[in-house]
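Chemist: The following file, protein.cif, comprises mmCIF, N, CA and C atoms:
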data_structure
#
loop_
_atom_site.label_atom_id
_atom_site.label_comp_id
_atom_site.auth_asym_id
_atom_site.auth_seq_id
_atom_site.Cartn_x
_atom_site.Cartn_y
_atom_site.Cartn_z
N GLY B 1 21.62 -0.69 85.31
CA GLY B 1 20.78 -1.81 84.95
C GLY B 1 21.58 -2.96 84.38
N SER B 2 20.94 -4.10 84.31
CA SER B 2 21.56 -5.31 83.79
C SER B 2 21.53 -5.30 82.27
N MET B 3 22.47 -6.03 81.67
CA MET B 3 22.48 -6.12 80.22
C MET B 3 21.54 -7.23 79.74
N PHE B 4 20.81 -7.86 80.66
CA PHE B 4 19.91 -8.94 80.31
C PHE B 4 18.49 -8.62 80.76
N GLU B 5 17.54 -9.10 79.97
CA GLU B 5 16.12 -8.88 80.25
C GLU B 5 15.66 -9.69 81.46
N ASN B 6 16.28 -10.88 81.64
CA ASN B 6 15.83 -11.75 82.73
C ASN B 6 16.97 -12.63 83.23
N LYS B 7 16.70 -13.30 84.33
CA LYS B 7 17.72 -14.15 84.97
C LYS B 7 18.12 -15.32 84.06
N LYS B 8 17.15 -15.87 83.33
CA LYS B 8 17.43 -17.01 82.45
C LYS B 8 18.48 -16.63 81.40
N ASP B 9 18.33 -15.46 80.77
CA ASP B 9 19.30 -15.01 79.77
C ASP B 9 20.67 -14.77 80.40
N ALA B 10 20.69 -14.19 81.59
CA ALA B 10 21.95 -13.93 82.29
C ALA B 10 22.66 -15.25 82.62
N GLU B 11 21.90 -16.23 83.07
CA GLU B 11 22.49 -17.53 83.40
C GLU B 11 23.01 -18.24 82.15
N ALA B 12 22.28 -18.13 81.05
CA ALA B 12 22.73 -18.74 79.78
C ALA B 12 24.04 -18.09 79.33
N TYR B 13 24.13 -16.77 79.48
CA TYR B 13 25.35 -16.05 79.12
C TYR B 13 26.51 -16.49 80.01
N ASP B 14 26.26 -16.63 81.31
CA ASP B 14 27.30 -17.09 82.23
C ASP B 14 27.79 -18.49 81.86
N ARG B 15 26.85 -19.37 81.49
CA ARG B 15 27.24 -20.73 81.07
C ARG B 15 28.08 -20.69 79.80
N MET B 16 27.71 -19.80 78.86
CA MET B 16 28.48 -19.66 77.63
C MET B 16 29.90 -19.18 77.94
N LEU B 17 30.03 -18.20 78.84
CA LEU B 17 31.36 -17.70 79.22
C LEU B 17 32.18 -18.79 79.89
N GLU B 18 31.54 -19.57 80.76
CA GLU B 18 32.26 -20.65 81.44
C GLU B 18 32.74 -21.69 80.42
N LEU B 19 31.87 -22.05 79.48
CA LEU B 19 32.26 -22.99 78.44
C LEU B 19 33.41 -22.42 77.62
N GLY B 20 33.33 -21.13 77.29
CA GLY B 20 34.41 -20.47 76.55
C GLY B 20 35.73 -20.52 77.30
N GLU B 21 35.69 -20.30 78.61
CA GLU B 21 36.90 -20.37 79.43
C GLU B 21 37.49 -21.77 79.39
N HIS B 22 36.63 -22.78 79.47
CA HIS B 22 37.11 -24.16 79.47
C HIS B 22 37.66 -24.55 78.09
N PHE B 23 37.00 -24.11 77.02
CA PHE B 23 37.56 -24.33 75.68
C PHE B 23 38.93 -23.67 75.57
N ALA B 24 39.07 -22.45 76.09
CA ALA B 24 40.34 -21.73 76.02
C ALA B 24 41.43 -22.50 76.76
N ALA B 25 41.12 -23.02 77.94
CA ALA B 25 42.09 -23.81 78.71
C ALA B 25 42.45 -25.08 77.95
N PHE B 26 41.45 -25.73 77.37
CA PHE B 26 41.66 -26.94 76.57
C PHE B 26 42.62 -26.66 75.42
N LEU B 27 42.36 -25.57 74.69
CA LEU B 27 43.21 -25.20 73.55
C LEU B 27 44.61 -24.83 74.02
N GLY B 28 44.71 -24.09 75.11
CA GLY B 28 46.00 -23.67 75.63
C GLY B 28 46.92 -24.83 75.97
N LYS B 29 46.32 -25.93 76.40
CA LYS B 29 47.11 -27.12 76.77
C LYS B 29 47.46 -27.97 75.56
N ARG B 30 46.77 -27.78 74.44
CA ARG B 30 46.92 -28.69 73.31
C ARG B 30 47.47 -28.07 72.03
N VAL B 31 47.52 -26.74 71.98
CA VAL B 31 48.00 -26.07 70.76
C VAL B 31 49.27 -25.31 71.09
N ASP B 32 50.41 -25.84 70.63
CA ASP B 32 51.68 -25.17 70.88
C ASP B 32 51.70 -23.79 70.24
N GLY B 33 52.13 -22.80 71.00
CA GLY B 33 52.30 -21.46 70.47
C GLY B 33 51.05 -20.60 70.43
N ILE B 34 49.90 -21.13 70.87
CA ILE B 34 48.68 -20.31 70.85
C ILE B 34 48.76 -19.30 72.00
N SER B 35 48.40 -18.07 71.70
CA SER B 35 48.40 -17.04 72.75
C SER B 35 47.14 -17.18 73.59
N GLU B 36 47.18 -16.61 74.78
CA GLU B 36 46.01 -16.63 75.65
C GLU B 36 44.83 -15.95 74.96
N GLN B 37 45.11 -14.82 74.28
CA GLN B 37 44.05 -14.08 73.58
C GLN B 37 43.45 -14.93 72.45
N GLN B 38 44.29 -15.61 71.68
CA GLN B 38 43.78 -16.46 70.61
C GLN B 38 42.93 -17.59 71.19
N ALA B 39 43.41 -18.21 72.25
CA ALA B 39 42.66 -19.31 72.88
C ALA B 39 41.31 -18.80 73.39
N GLU B 40 41.30 -17.61 74.00
CA GLU B 40 40.04 -17.04 74.50
C GLU B 40 39.08 -16.74 73.36
N THR B 41 39.59 -16.15 72.28
CA THR B 41 38.74 -15.81 71.14
C THR B 41 38.13 -17.07 70.53
N ILE B 42 38.97 -18.07 70.30
CA ILE B 42 38.48 -19.33 69.72
C ILE B 42 37.53 -20.01 70.69
N GLY B 43 37.86 -19.99 71.97
CA GLY B 43 36.99 -20.61 72.98
C GLY B 43 35.60 -20.01 72.98
N LEU B 44 35.53 -18.68 72.87
CA LEU B 44 34.23 -18.01 72.85
C LEU B 44 33.47 -18.29 71.56
N ILE B 45 34.18 -18.37 70.45
CA ILE B 45 33.51 -18.72 69.19
C ILE B 45 32.91 -20.12 69.29
N LEU B 46 33.70 -21.07 69.82
CA LEU B 46 33.19 -22.43 69.97
C LEU B 46 32.00 -22.46 70.92
N ALA B 47 32.09 -21.73 72.03
CA ALA B 47 30.99 -21.71 73.00
C ALA B 47 29.73 -21.08 72.39
N ASN B 48 29.91 -20.02 71.60
CA ASN B 48 28.78 -19.36 70.95
C ASN B 48 28.09 -20.27 69.94
N HIS B 49 28.82 -21.23 69.43
CA HIS B 49 28.29 -22.11 68.37
C HIS B 49 28.24 -23.56 68.82
N LYS B 50 28.04 -23.78 70.11
CA LYS B 50 28.05 -25.16 70.64
C LYS B 50 27.02 -26.04 69.96
N ASP B 51 25.83 -25.51 69.68
CA ASP B 51 24.79 -26.34 69.05
C ASP B 51 25.21 -26.77 67.64
N LEU B 52 25.85 -25.86 66.94
CA LEU B 52 26.36 -26.16 65.60
C LEU B 52 27.44 -27.25 65.69
N LEU B 53 28.33 -27.13 66.67
CA LEU B 53 29.39 -28.12 66.85
C LEU B 53 28.82 -29.48 67.22
N ILE B 54 27.79 -29.48 68.06
CA ILE B 54 27.15 -30.75 68.44
C ILE B 54 26.55 -31.42 67.20
N THR B 55 25.88 -30.63 66.37
CA THR B 55 25.30 -31.17 65.13
C THR B 55 26.40 -31.75 64.24
N ALA B 56 27.51 -31.03 64.12
CA ALA B 56 28.63 -31.51 63.29
C ALA B 56 29.20 -32.81 63.84
N CYS B 57 29.33 -32.88 65.16
CA CYS B 57 29.90 -34.08 65.79
C CYS B 57 28.96 -35.28 65.71
N LYS B 58 27.69 -35.02 65.49
CA LYS B 58 26.71 -36.11 65.39
C LYS B 58 26.53 -36.58 63.95
N GLY B 59 27.51 -36.27 63.08
CA GLY B 59 27.48 -36.82 61.74
C GLY B 59 27.07 -35.87 60.63
N LYS B 60 26.96 -34.58 60.94
CA LYS B 60 26.58 -33.61 59.92
C LYS B 60 27.61 -32.48 59.85
N PRO B 61 28.87 -32.81 59.50
CA PRO B 61 29.93 -31.80 59.51
C PRO B 61 29.73 -30.68 58.50
N ASP B 62 28.88 -30.88 57.51
CA ASP B 62 28.65 -29.84 56.51
C ASP B 62 28.07 -28.56 57.12
N VAL B 63 27.44 -28.66 58.30
CA VAL B 63 26.88 -27.45 58.92
C VAL B 63 27.98 -26.44 59.23
N LEU B 64 29.21 -26.91 59.37
CA LEU B 64 30.33 -26.00 59.67
C LEU B 64 30.73 -25.17 58.46
N LEU B 65 30.25 -25.56 57.28
CA LEU B 65 30.59 -24.83 56.06
C LEU B 65 29.57 -23.75 55.71
N ALA B 66 28.53 -23.63 56.51
CA ALA B 66 27.49 -22.61 56.28
C ALA B 66 28.11 -21.22 56.38
N GLU B 67 27.48 -20.28 55.71
CA GLU B 67 27.95 -18.90 55.77
C GLU B 67 27.91 -18.41 57.22
N PRO B 68 28.92 -17.66 57.64
CA PRO B 68 28.97 -17.21 59.04
C PRO B 68 27.70 -16.48 59.49
N ASP B 69 27.09 -15.66 58.64
CA ASP B 69 25.89 -14.94 59.05
C ASP B 69 24.77 -15.90 59.39
N ALA B 70 24.74 -17.03 58.70
CA ALA B 70 23.67 -18.00 58.92
C ALA B 70 23.85 -18.74 60.24
N MET B 71 25.07 -18.76 60.79
CA MET B 71 25.30 -19.52 62.01
C MET B 71 25.63 -18.65 63.21
N THR B 72 25.55 -17.34 63.07
CA THR B 72 25.84 -16.46 64.20
C THR B 72 24.57 -16.26 65.02
N PRO B 73 24.59 -16.69 66.29
CA PRO B 73 23.41 -16.45 67.11
C PRO B 73 23.26 -14.96 67.38
N ALA B 74 22.10 -14.56 67.82
CA ALA B 74 21.87 -13.14 68.11
C ALA B 74 22.97 -12.62 69.03
N GLY B 75 23.64 -11.58 68.60
CA GLY B 75 24.71 -11.00 69.40
C GLY B 75 25.96 -11.85 69.41
N GLY B 76 26.05 -12.85 68.58
CA GLY B 76 27.12 -13.85 68.59
C GLY B 76 28.51 -13.36 68.29
N ALA B 77 29.17 -13.99 67.35
CA ALA B 77 30.60 -13.78 67.11
C ALA B 77 30.94 -12.32 66.84
N ALA B 78 30.02 -11.58 66.24
CA ALA B 78 30.28 -10.17 65.97
C ALA B 78 30.39 -9.40 67.27
N ASN B 79 29.90 -10.00 68.35
CA ASN B 79 29.85 -9.33 69.63
C ASN B 79 30.79 -9.96 70.66
N VAL B 80 31.72 -10.82 70.22
CA VAL B 80 32.59 -11.54 71.14
C VAL B 80 33.60 -10.59 71.76
N MET B 81 33.71 -10.69 73.08
CA MET B 81 34.72 -9.91 73.78
C MET B 81 35.63 -10.89 74.49
N SER B 82 36.77 -10.43 74.92
CA SER B 82 37.68 -11.34 75.61
C SER B 82 37.04 -11.78 76.93
N LEU B 83 37.44 -12.95 77.40
CA LEU B 83 36.92 -13.45 78.66
C LEU B 83 37.28 -12.51 79.79
N ALA B 84 38.46 -11.93 79.74
CA ALA B 84 38.87 -11.00 80.78
C ALA B 84 37.96 -9.79 80.80
N ALA B 85 37.62 -9.26 79.63
CA ALA B 85 36.72 -8.11 79.56
C ALA B 85 35.33 -8.50 80.03
N ALA B 86 34.89 -9.69 79.66
CA ALA B 86 33.56 -10.16 80.06
C ALA B 86 33.48 -10.32 81.57
N ALA B 87 34.55 -10.80 82.16
CA ALA B 87 34.57 -11.00 83.61
C ALA B 87 34.46 -9.68 84.36
N LYS B 88 34.97 -8.62 83.75
CA LYS B 88 34.93 -7.29 84.37
C LYS B 88 33.59 -6.61 84.15
N ALA B 89 32.85 -7.08 83.13
CA ALA B 89 31.57 -6.43 82.76
C ALA B 89 30.50 -6.64 83.82
#
Could you take the file, read its structure, and then write that structure out as structure tokens?
Modeler:
Amino acid sequence: GSMFENKKDAEAYDRMLELGEHFAAFLGKRVDGISEQQAETIGLILANHKDLLITACKGKPDVLLAEPDAMTPAGGAANVMSLAAAAKA
């Protein structure tokens, strides 16, 4: 069986993974010495919290200082796997 209840959730997850991959590539090109694994982990964290980042970029940076539990979406950062592992799933 699928790990998602419906197609909409599966598509949202795929979009999050794609965004995470692009963040990882962005970081890899701009941060000297970052490992692929570090870039992937950070990329997925950023993708998981895109709404929070958008809010911060729109003039409310204090949202980034919230306690991690308060900003972790359901199944979020505590459930982050590498992009390579996700691609195989």
Chemist: Have a look at B:Glu21, B:Val31, B:Lys58, B:Ala66 and name the one nearest to B:Leu46; count only C-alpha atoms.
Modeler: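 With only C-alpha atoms as the atom set, the closest residue is B:Glu21.
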Chemist: I'd like to know which of B:Gly28, B:Gly59, B:Gly20, B:Pro68 is closest to B:Leu44, using all atoms listed in the file.
Modeler: B:Gly20
Chemist: Looking at B:Lys8, B:Leu27, B:Met3, B:Leu19, which one is nearest to B:Ala47, with distances taken over only N, CA and C atoms?
Modeler: B:Leu19
